[in-house]
file coords_20.cif (mmCIF, C-alpha atoms and all ligand atoms)
data_structure
#
loop_
_atom_site.label_atom_id
_atom_site.label_comp_id
_atom_site.auth_asym_id
_atom_site.auth_seq_id
_atom_site.Cartn_x
_atom_site.Cartn_y
_atom_site.Cartn_z
CA MET A 149 0.00 0.00 0.00
CA GLY A 150 1.19 3.46 -0.77
CA LYS A 151 1.53 6.00 -3.48
CA ILE A 152 2.69 5.33 -7.02
CA LYS A 153 6.47 5.64 -7.01
CA PRO A 154 8.86 4.63 -9.80
CA LEU A 155 11.10 1.67 -9.08
CA TYR A 156 14.29 3.60 -9.91
CA GLU A 157 15.58 7.14 -10.11
CA GLY A 158 15.74 8.74 -13.53
CA VAL A 159 12.37 7.78 -14.98
CA ARG A 160 11.91 9.43 -18.39
CA LEU A 161 8.26 8.62 -18.97
CA LEU A 162 5.62 7.58 -16.44
CA CYS A 163 2.20 6.41 -17.57
CA VAL A 164 -0.81 4.93 -15.81
CA ILE A 165 -2.61 2.45 -18.06
CA THR A 166 -6.16 1.20 -17.52
CA THR A 167 -8.60 -0.53 -19.81
CA ASP A 168 -12.18 -1.68 -20.13
CA ASN A 169 -13.30 0.98 -17.69
CA HIS A 170 -16.92 0.33 -18.73
CA ILE A 171 -18.49 3.46 -17.34
CA ASP A 172 -22.18 2.76 -17.65
CA ALA A 173 -25.22 4.84 -16.72
CA LYS A 174 -27.33 1.68 -17.16
CA HIS A 175 -25.04 -0.62 -15.13
CA SER A 176 -27.00 -3.69 -14.04
CA VAL A 177 -26.30 -3.07 -10.34
CA SER A 178 -25.24 0.58 -10.02
CA PRO A 179 -23.41 3.11 -12.25
CA GLY A 180 -21.53 3.94 -9.04
CA ILE A 181 -19.53 0.68 -9.27
CA PRO A 182 -17.46 1.48 -12.39
CA LEU A 183 -17.30 5.12 -11.31
CA TRP A 184 -15.81 4.08 -7.97
CA PHE A 185 -13.10 1.82 -9.43
CA ASN A 186 -12.13 4.33 -12.09
CA GLY A 187 -12.22 7.18 -9.60
CA ARG A 188 -9.73 5.26 -7.44
CA ALA A 189 -7.38 4.91 -10.40
CA LEU A 190 -7.61 8.61 -11.24
CA LYS A 191 -7.01 9.62 -7.64
CA ASP A 192 -4.09 7.18 -7.26
CA SER A 193 -2.53 8.58 -10.42
CA GLN A 194 -3.06 12.17 -9.26
CA GLN A 195 -1.33 11.42 -5.95
CA SER A 196 1.73 9.74 -7.49
CA LYS A 197 5.04 10.72 -5.85
CA THR A 198 6.40 11.51 -9.31
CA PRO A 199 3.94 13.40 -11.55
CA VAL A 200 2.37 11.03 -14.09
CA ASP A 201 2.94 12.08 -17.70
CA VAL A 202 0.01 10.24 -19.29
CA PHE A 203 -3.10 8.56 -17.91
CA LEU A 204 -4.66 6.43 -20.58
CA THR A 205 -7.30 3.84 -21.33
CA ILE A 206 -7.05 1.06 -23.93
CA GLY A 207 -10.68 1.23 -24.93
CA ASP A 208 -14.18 0.48 -23.70
CA THR A 209 -13.95 3.59 -21.56
CA THR A 210 -17.74 3.33 -21.81
CA SER A 211 -20.03 0.29 -22.01
CA ARG A 212 -21.91 2.03 -24.81
CA GLY A 213 -20.97 5.24 -26.62
CA SER A 214 -24.00 7.25 -25.54
CA VAL A 215 -23.96 10.92 -24.53
CA GLU A 216 -25.26 9.80 -21.13
CA ASN A 217 -22.20 7.60 -20.57
CA TRP A 218 -19.72 10.15 -21.92
CA GLU A 219 -21.21 12.78 -19.58
CA LEU A 220 -20.34 10.44 -16.69
CA VAL A 221 -16.78 10.04 -18.04
CA LYS A 222 -16.45 13.82 -18.43
CA GLY A 223 -17.67 14.36 -14.87
CA LEU A 224 -15.23 11.80 -13.52
CA PHE A 225 -12.21 13.31 -15.27
CA ALA A 226 -13.31 16.80 -14.16
CA LYS A 227 -12.93 15.70 -10.53
CA TYR A 228 -9.27 14.67 -10.81
CA ARG A 229 -6.03 15.69 -12.51
CA PRO A 230 -4.51 12.23 -12.97
CA ALA A 231 -1.69 13.26 -15.31
CA LYS A 232 -0.27 15.99 -17.50
CA GLN A 233 -2.07 14.35 -20.43
CA VAL A 234 -5.08 12.03 -20.66
CA LEU A 235 -5.58 9.89 -23.79
CA LEU A 236 -8.46 7.51 -24.49
CA THR A 237 -8.15 4.62 -26.95
CA VAL A 238 -11.40 3.68 -28.67
CA GLY A 239 -12.90 0.24 -27.95
CA ASN A 240 -15.68 -1.74 -29.59
CA HIS A 241 -18.17 -0.80 -26.86
CA ASP A 242 -17.41 2.90 -27.36
CA LEU A 243 -18.52 2.52 -30.98
CA TRP A 244 -21.93 1.08 -30.18
CA ALA A 245 -24.85 3.50 -29.71
CA ASP A 246 -28.60 3.47 -30.33
CA GLY A 247 -28.09 5.74 -33.33
CA GLY A 248 -25.45 3.44 -34.82
CA PHE A 249 -21.73 3.65 -35.55
CA GLU A 250 -21.63 7.27 -36.84
CA GLU A 251 -23.34 8.61 -33.73
CA ALA A 252 -21.04 6.63 -31.43
CA LEU A 253 -17.96 7.75 -33.39
CA LYS A 254 -19.00 11.40 -33.09
CA ASN A 255 -19.58 11.01 -29.34
CA TYR A 256 -16.17 9.38 -28.87
CA LEU A 257 -14.35 12.10 -30.84
CA ASP A 258 -16.28 14.99 -29.28
CA TYR A 259 -15.93 13.82 -25.70
CA SER A 260 -12.42 12.38 -25.85
CA ASN A 261 -11.18 15.63 -27.44
CA LEU A 262 -12.97 17.64 -24.75
CA ILE A 263 -11.64 15.50 -21.88
CA CYS A 264 -8.10 15.21 -23.28
CA GLY A 265 -7.76 18.72 -24.76
CA THR A 266 -6.94 17.22 -28.15
CA ASP A 267 -8.23 17.80 -31.67
CA HIS A 268 -8.17 14.29 -33.10
CA GLU A 269 -10.27 13.79 -36.22
CA LYS A 270 -9.85 10.03 -36.25
CA THR A 271 -9.84 7.09 -33.87
CA TRP A 272 -6.12 6.62 -34.59
CA PHE A 273 -3.44 9.10 -33.63
CA SER A 274 -0.03 9.35 -32.02
CA HIS A 275 1.56 11.58 -29.41
CA THR A 276 5.25 11.99 -28.72
CA VAL A 277 5.71 12.45 -24.97
CA ASN A 278 9.16 13.14 -23.53
CA GLY A 279 10.60 11.86 -26.80
CA TYR A 280 8.71 8.54 -26.81
CA LYS A 281 6.02 7.61 -29.29
CA LEU A 282 2.62 6.55 -28.01
CA ILE A 283 0.60 5.15 -30.90
CA PHE A 284 -3.15 4.61 -30.62
CA LEU A 285 -5.03 2.37 -33.05
CA GLY A 286 -8.79 2.42 -33.55
CA ASN A 287 -11.64 1.06 -35.61
CA THR A 288 -12.66 2.85 -38.77
CA THR A 289 -15.91 0.94 -39.30
CA ASP A 290 -18.38 -0.98 -37.17
CA ALA A 291 -16.55 -4.30 -37.05
CA GLY A 292 -18.47 -5.89 -34.17
CA CYS A 293 -16.04 -7.18 -31.57
CA GLU A 294 -13.08 -7.24 -33.96
CA ALA A 295 -11.05 -4.29 -35.17
CA HIS A 296 -11.02 -2.94 -38.68
CA LEU A 297 -8.10 -0.56 -39.09
CA GLY A 298 -8.01 -0.20 -42.87
CA ARG A 299 -5.14 0.22 -45.32
CA GLU A 300 -4.40 3.89 -44.54
CA GLN A 301 -4.03 3.23 -40.80
CA ILE A 302 -1.85 0.14 -41.30
CA GLU A 303 0.53 2.10 -43.57
CA TRP A 304 0.53 4.92 -41.03
CA LEU A 305 1.42 2.49 -38.19
CA LYS A 306 4.42 1.30 -40.18
CA ALA A 307 5.52 4.89 -40.84
CA GLU A 308 5.10 5.81 -37.16
CA LEU A 309 7.28 2.88 -36.03
CA ASP A 310 9.85 3.67 -38.73
CA ALA A 311 9.99 7.23 -37.37
CA ALA A 312 10.68 5.94 -33.85
CA GLU A 313 14.04 4.70 -35.23
CA GLY A 314 14.40 1.93 -32.66
CA ARG A 315 13.59 4.04 -29.61
CA PRO A 316 10.98 2.34 -27.43
CA ALA A 317 7.51 2.76 -28.92
CA PHE A 318 4.22 1.96 -27.25
CA VAL A 319 1.21 0.84 -29.28
CA PHE A 320 -2.26 0.79 -27.74
CA CYS A 321 -5.06 -1.14 -29.40
CA HIS A 322 -8.20 -2.42 -27.70
CA GLN A 323 -7.92 -5.85 -29.31
CA SER A 324 -4.89 -8.08 -28.87
CA LEU A 325 -3.28 -9.80 -31.83
CA ASN A 326 -5.09 -13.01 -32.76
CA ARG A 327 -4.24 -16.15 -30.78
CA LYS A 328 -2.14 -14.32 -28.13
CA HIS A 329 -2.78 -14.33 -24.38
CA GLY A 330 -4.60 -17.67 -24.65
CA LEU A 331 -7.09 -16.53 -27.29
CA PRO A 332 -9.55 -17.75 -28.36
CA VAL A 333 -10.03 -19.82 -25.15
CA THR A 334 -9.58 -16.76 -22.89
CA TRP A 335 -12.04 -14.67 -24.89
CA ASP A 336 -14.84 -15.35 -22.43
CA ALA A 337 -15.32 -16.85 -19.00
CA SER A 338 -16.68 -20.12 -20.38
CA GLY A 339 -13.41 -20.85 -22.20
CA LYS A 340 -15.41 -22.47 -24.99
CA SER A 341 -14.58 -20.12 -27.87
CA GLU A 342 -13.27 -22.17 -30.77
CA ASP A 343 -13.06 -19.71 -33.67
CA PRO A 344 -9.29 -18.96 -33.76
CA LEU A 345 -9.97 -15.28 -34.47
CA ASP A 346 -12.29 -14.79 -31.46
CA GLY A 347 -11.24 -11.93 -29.21
CA GLY A 348 -8.41 -10.78 -31.45
CA LEU A 349 -7.81 -8.03 -33.95
CA GLY A 350 -9.31 -10.09 -36.77
CA GLU A 351 -8.27 -10.36 -40.39
CA GLU A 352 -5.61 -7.65 -40.22
CA SER A 353 -3.85 -9.18 -37.22
CA ASP A 354 -1.08 -11.01 -39.08
CA GLU A 355 -0.16 -7.89 -41.03
CA VAL A 356 -0.04 -5.75 -37.89
CA GLU A 357 2.03 -8.43 -36.15
CA ALA A 358 4.58 -8.46 -39.00
CA ILE A 359 4.93 -4.66 -38.80
CA LEU A 360 5.47 -4.77 -35.02
CA LYS A 361 8.07 -7.53 -35.35
CA ALA A 362 10.00 -5.59 -37.99
CA HIS A 363 10.82 -2.94 -35.37
CA LYS A 364 12.91 -2.92 -32.20
CA ASN A 365 11.71 -2.10 -28.70
CA VAL A 366 7.99 -2.26 -29.45
CA PHE A 367 5.43 -2.73 -26.69
CA TYR A 368 1.84 -3.55 -27.73
CA PHE A 369 -0.93 -3.11 -25.14
CA SER A 370 -4.46 -4.46 -25.35
CA GLY A 371 -7.53 -5.17 -23.22
CA HIS A 372 -10.87 -6.48 -24.53
CA SER A 373 -10.80 -10.04 -23.13
CA HIS A 374 -11.29 -9.06 -19.48
CA MET A 375 -8.64 -11.60 -18.57
CA GLY A 376 -7.13 -11.50 -15.08
CA ILE A 377 -3.41 -10.87 -14.72
CA GLY A 378 -1.43 -14.01 -15.54
CA GLY A 379 2.33 -14.25 -15.21
CA GLU A 380 5.03 -16.86 -15.63
CA ASN A 381 3.21 -19.55 -13.64
CA CYS A 382 0.20 -19.15 -15.89
CA LEU A 383 2.52 -19.36 -18.89
CA LYS A 384 4.05 -22.57 -17.57
CA GLU A 385 0.73 -24.19 -16.76
CA ASN A 386 -1.44 -22.96 -19.59
CA GLY A 387 0.90 -21.72 -22.30
CA TYR A 388 -0.25 -18.11 -22.12
CA SER A 389 0.03 -15.05 -19.89
CA SER A 390 -0.77 -11.34 -19.79
CA PHE A 391 2.86 -10.56 -20.65
CA GLU A 392 4.15 -12.42 -23.68
CA ASN A 393 7.25 -11.83 -25.76
CA ASP A 394 6.77 -12.83 -29.36
CA GLY A 395 9.56 -12.25 -31.86
CA GLY A 396 11.02 -9.48 -29.71
CA VAL A 397 7.70 -7.63 -29.32
CA GLU A 398 6.36 -7.33 -25.80
CA LEU A 399 2.61 -8.04 -25.81
CA VAL A 400 0.67 -6.91 -22.75
CA ASN A 401 -3.01 -7.64 -22.12
CA LEU A 402 -4.65 -5.95 -19.15
CA PRO A 403 -7.76 -6.86 -17.14
CA SER A 404 -10.97 -4.88 -17.04
CA MET A 405 -10.97 -2.08 -14.48
CA ALA A 406 -14.57 -2.48 -13.46
CA CYS A 407 -16.16 -5.63 -14.94
CA GLY A 408 -15.46 -9.12 -13.69
CA ASN A 409 -12.31 -10.78 -15.00
CA HIS A 410 -11.68 -14.44 -15.78
CA HIS A 411 -8.68 -16.72 -16.43
CA GLY A 412 -5.22 -15.58 -15.33
CA GLU A 413 -3.96 -15.68 -11.74
CA ASP A 414 -5.40 -12.47 -10.28
CA LYS A 415 -8.96 -11.74 -11.37
CA SER A 416 -9.35 -8.60 -9.23
CA THR A 417 -11.06 -5.54 -10.63
CA GLY A 418 -9.42 -2.15 -10.17
CA VAL A 419 -6.17 -3.45 -11.69
CA GLY A 420 -4.11 -1.82 -14.43
CA CYS A 421 -0.46 -1.19 -15.00
CA VAL A 422 2.14 1.52 -14.48
CA LEU A 423 4.65 2.03 -17.29
CA GLU A 424 8.09 3.38 -16.35
CA VAL A 425 10.55 4.15 -19.13
CA TYR A 426 14.25 4.63 -18.36
CA ASP A 427 17.24 5.23 -20.63
CA ASP A 428 18.14 1.53 -20.73
CA ARG A 429 14.97 -0.33 -19.72
CA VAL A 430 11.21 -0.39 -19.49
CA VAL A 431 9.43 -1.50 -16.32
CA LEU A 432 5.77 -2.54 -16.36
CA ARG A 433 4.16 -2.93 -12.97
CA PRO A 434 0.63 -4.27 -12.52
CA ARG A 435 -1.09 -2.23 -9.84
CA ASN A 436 -4.35 -2.56 -7.95
CA PHE A 437 -5.49 1.07 -8.00
CA ALA A 438 -8.45 0.31 -5.76
CA LYS A 439 -6.09 -0.98 -3.05
CA ARG A 440 -3.29 1.44 -3.94
CA ALA A 441 -0.83 -1.45 -4.12
CA TYR A 442 1.56 -2.85 -6.71
CA ASN A 443 1.19 -6.50 -7.62
CA GLY A 444 3.24 -8.63 -5.23
CA LYS A 445 1.72 -12.06 -5.80
CA VAL A 446 1.77 -12.84 -9.49
CA MET A 447 5.31 -13.37 -10.75
CA ILE A 448 5.42 -11.75 -14.16
CA ARG A 449 8.85 -12.75 -15.46
CA ASP A 450 12.24 -13.80 -14.04
CA GLY A 451 10.67 -14.27 -10.60
CA LYS A 452 9.72 -10.59 -10.33
CA PRO A 453 6.18 -9.25 -9.77
CA TYR A 454 6.72 -6.88 -12.72
CA LEU A 455 8.22 -6.96 -16.18
CA GLU A 456 11.68 -5.46 -16.43
CA LYS A 457 12.81 -5.34 -20.02
CA MET A 458 16.28 -4.19 -20.99
CA LEU A 459 16.14 -2.23 -24.22
CA ASP A 460 17.91 -3.27 -27.40
CA LEU A 461 19.92 -0.10 -27.98
FE FE B 501 -14.59 -4.50 -22.53
#
call {"tool": "encode", "arguments": {"input": "coords_20.cif", "output": "structure tokens"}}
result
Amino acid sequence: MGKIKPLYEGVRLLCVITTDNHIDAKHSVSPGIPLWFNGRALKDSQQSKTPVDVFLTIGDTTSRGSVENWELVKGLFAKYRPAKQVLLTVGNHDLWADGGFEEALKNYLDYSNLICGTDHEKTWFSHTVNGYKLIFLGNTTDAGCEAHLGREQIEWLKAELDAAEGRPAFVFCHQSLNRKHGLPVTWDASGKSEDPLDGGLGEESDEVEAILKAHKNVFYFSGHSHMGIGGENCLKENGYSSFENDGGVELVNLPSMACGNHHGEDKSTGVGCVLEVYDDRVVLRPRNFAKRAYNGKVMIRDGKPYLEKMLDL
């Protein structure tokens, strides 16, 4: 228990990462439940010993992209100053509204720009913060639970990673790559999904994966499955975890902040991750924002309760 505090001196970039926040005016029990968990994360971030550079979500900030839900998100972010910059990835739930995809897209762009002080015209954009690229991917059409990025965005992703020139780059996309993190089995609590594409990016996944693998020091973050945090024991027992290295790319899948989680080793809600970037390494620390405590139980890699990745410089 205690405030957010980087593991080492000399942190160059500090981000608080949450996903599947699912703020929901029509929550089946009470809208206060997701508001409480997300409020804890915002407050924890605000009170960090070292000021947080970016507070971000990896999509499904709302359970449905209605004005009613976005008003709740706006109100929540108005109560706290969690970081110098807030950025909200779009998720499939954010693009569902009674008036259809176009209405939901407009609500996402209007409200996320208002909350974040940005002027994004698309669901995909990048920000360079303290010299590091943060790249956000997003749907361009209503693709159900999958993503549909489109040719222009895929070419843009490649150009963005080329421009990073091997410096660590952080990609945020609601959906994980296909078949990672135990997909499709971990797609839902039943574990019965058989379609190999279930829960993943979809048809464009292999192309995105090839682009990521063609670059050094890439970290790809997703949510979407609502899978609990799994580390190296989960990897040993089940062949998957929340932190997987594939072809040099670090793939990170985070649990839902406020809905129930399944699979993995720690199914708690209120859990996200703190990203610390140093000159020679990146540290990723799962944190229970509701309890104001870093993960101490789930060993992520090399017997440590966090991922410590030396950079290829
Ligand atoms: Fe979700």
call {"tool": "residues_near_ligand", "arguments": {"input": "coords_20.cif", "ligand": "ligand FE 501 (chain B)", "cutoff": "8 Å", "atoms": "only C-alpha atoms and all ligand atoms", "output": "JSON, numbers by chain"}}
result
{"A": [167, 168, 169, 170, 207, 208, 211, 239, 240, 241, 371, 372, 373, 374, 404, 407]}
call {"tool": "closest_residue", "arguments": {"input": "coords_20.cif", "among": "A:Val356, A:Met375, A:Leu257, A:Leu325", "to": "A:Thr417", "atoms": "all atoms listed in the file"}}
result
A:Met375
call {"tool": "residues_around", "arguments": {"input": "coords_20.cif", "residues": "A:Tyr280", "least_positions_apart": "4", "cutoff": "12 Å", "atoms": "only C-alpha atoms", "output": "CSV table (one decimal) with C-alpha atoms, in the frame of the given file"}}
result
chain,number,residue,atom,x,y,z
A,160,ARG,CA,11.9,9.4,-18.4
A,161,LEU,CA,8.3,8.6,-19.0
A,162,LEU,CA,5.6,7.6,-16.4
A,163,CYS,CA,2.2,6.4,-17.6
A,201,ASP,CA,2.9,12.1,-17.7
A,202,VAL,CA,0.0,10.2,-19.3
A,274,SER,CA,0.0,9.4,-32.0
A,275,HIS,CA,1.6,11.6,-29.4
A,276,THR,CA,5.2,12.0,-28.7
A,308,GLU,CA,5.1,5.8,-37.2
A,309,LEU,CA,7.3,2.9,-36.0
A,311,ALA,CA,10.0,7.2,-37.4
A,312,ALA,CA,10.7,5.9,-33.8
A,313,GLU,CA,14.0,4.7,-35.2
A,314,GLY,CA,14.4,1.9,-32.7
A,315,ARG,CA,13.6,4.0,-29.6
A,316,PRO,CA,11.0,2.3,-27.4
A,317,ALA,CA,7.5,2.8,-28.9
A,318,PHE,CA,4.2,2.0,-27.2
A,319,VAL,CA,1.2,0.8,-29.3
A,365,ASN,CA,11.7,-2.1,-28.7
A,366,VAL,CA,8.0,-2.3,-29.4
A,367,PHE,CA,5.4,-2.7,-26.7
A,424,GLU,CA,8.1,3.4,-16.4
A,425,VAL,CA,10.6,4.2,-19.1
A,426,TYR,CA,14.2,4.6,-18.4
A,427,ASP,CA,17.2,5.2,-20.6
A,430,VAL,CA,11.2,-0.4,-19.5
call {"tool": "residues_near_point", "arguments": {"input": "coords_20.cif", "point": "(4.6, -13.0, -37.8)", "cutoff": "8 Å", "atoms": "all atoms listed in the file", "output": "VMD selection string"}}
result
chain A and resid 354 to 355 357 to 358 361 395
call {"tool": "atom_distance", "arguments": {"input": "coords_20.cif", "atom1": "atom CA of A:Arg327", "atom2": "atom CA of A:Arg299"}}
result
21.9 Å
call {"tool": "residues_around", "arguments": {"input": "coords_20.cif", "residues": "A:His296", "least_positions_apart": "3", "cutoff": "10 Å", "atoms": "all atoms listed in the file", "output": "ChimeraX atom specification"}}
result
/A:285-293,299,301,349-353
call {"tool": "residues_around", "arguments": {"input": "coords_20.cif", "residues": "A:Asp246", "least_positions_apart": "4", "cutoff": "12 Å", "atoms": "all atoms listed in the file", "output": "list in words"}}
result
Arg212, Gly213, Ser214, Val215, Glu216, His241, Asp242, Glu250, Glu251, Ala252, Leu253 and Asn255 of chain A
call {"tool": "atom_distance", "arguments": {"input": "coords_20.cif", "atom1": "atom CA of A:Ala189", "atom2": "atom CA of A:Val234"}}
result
12.7 Å
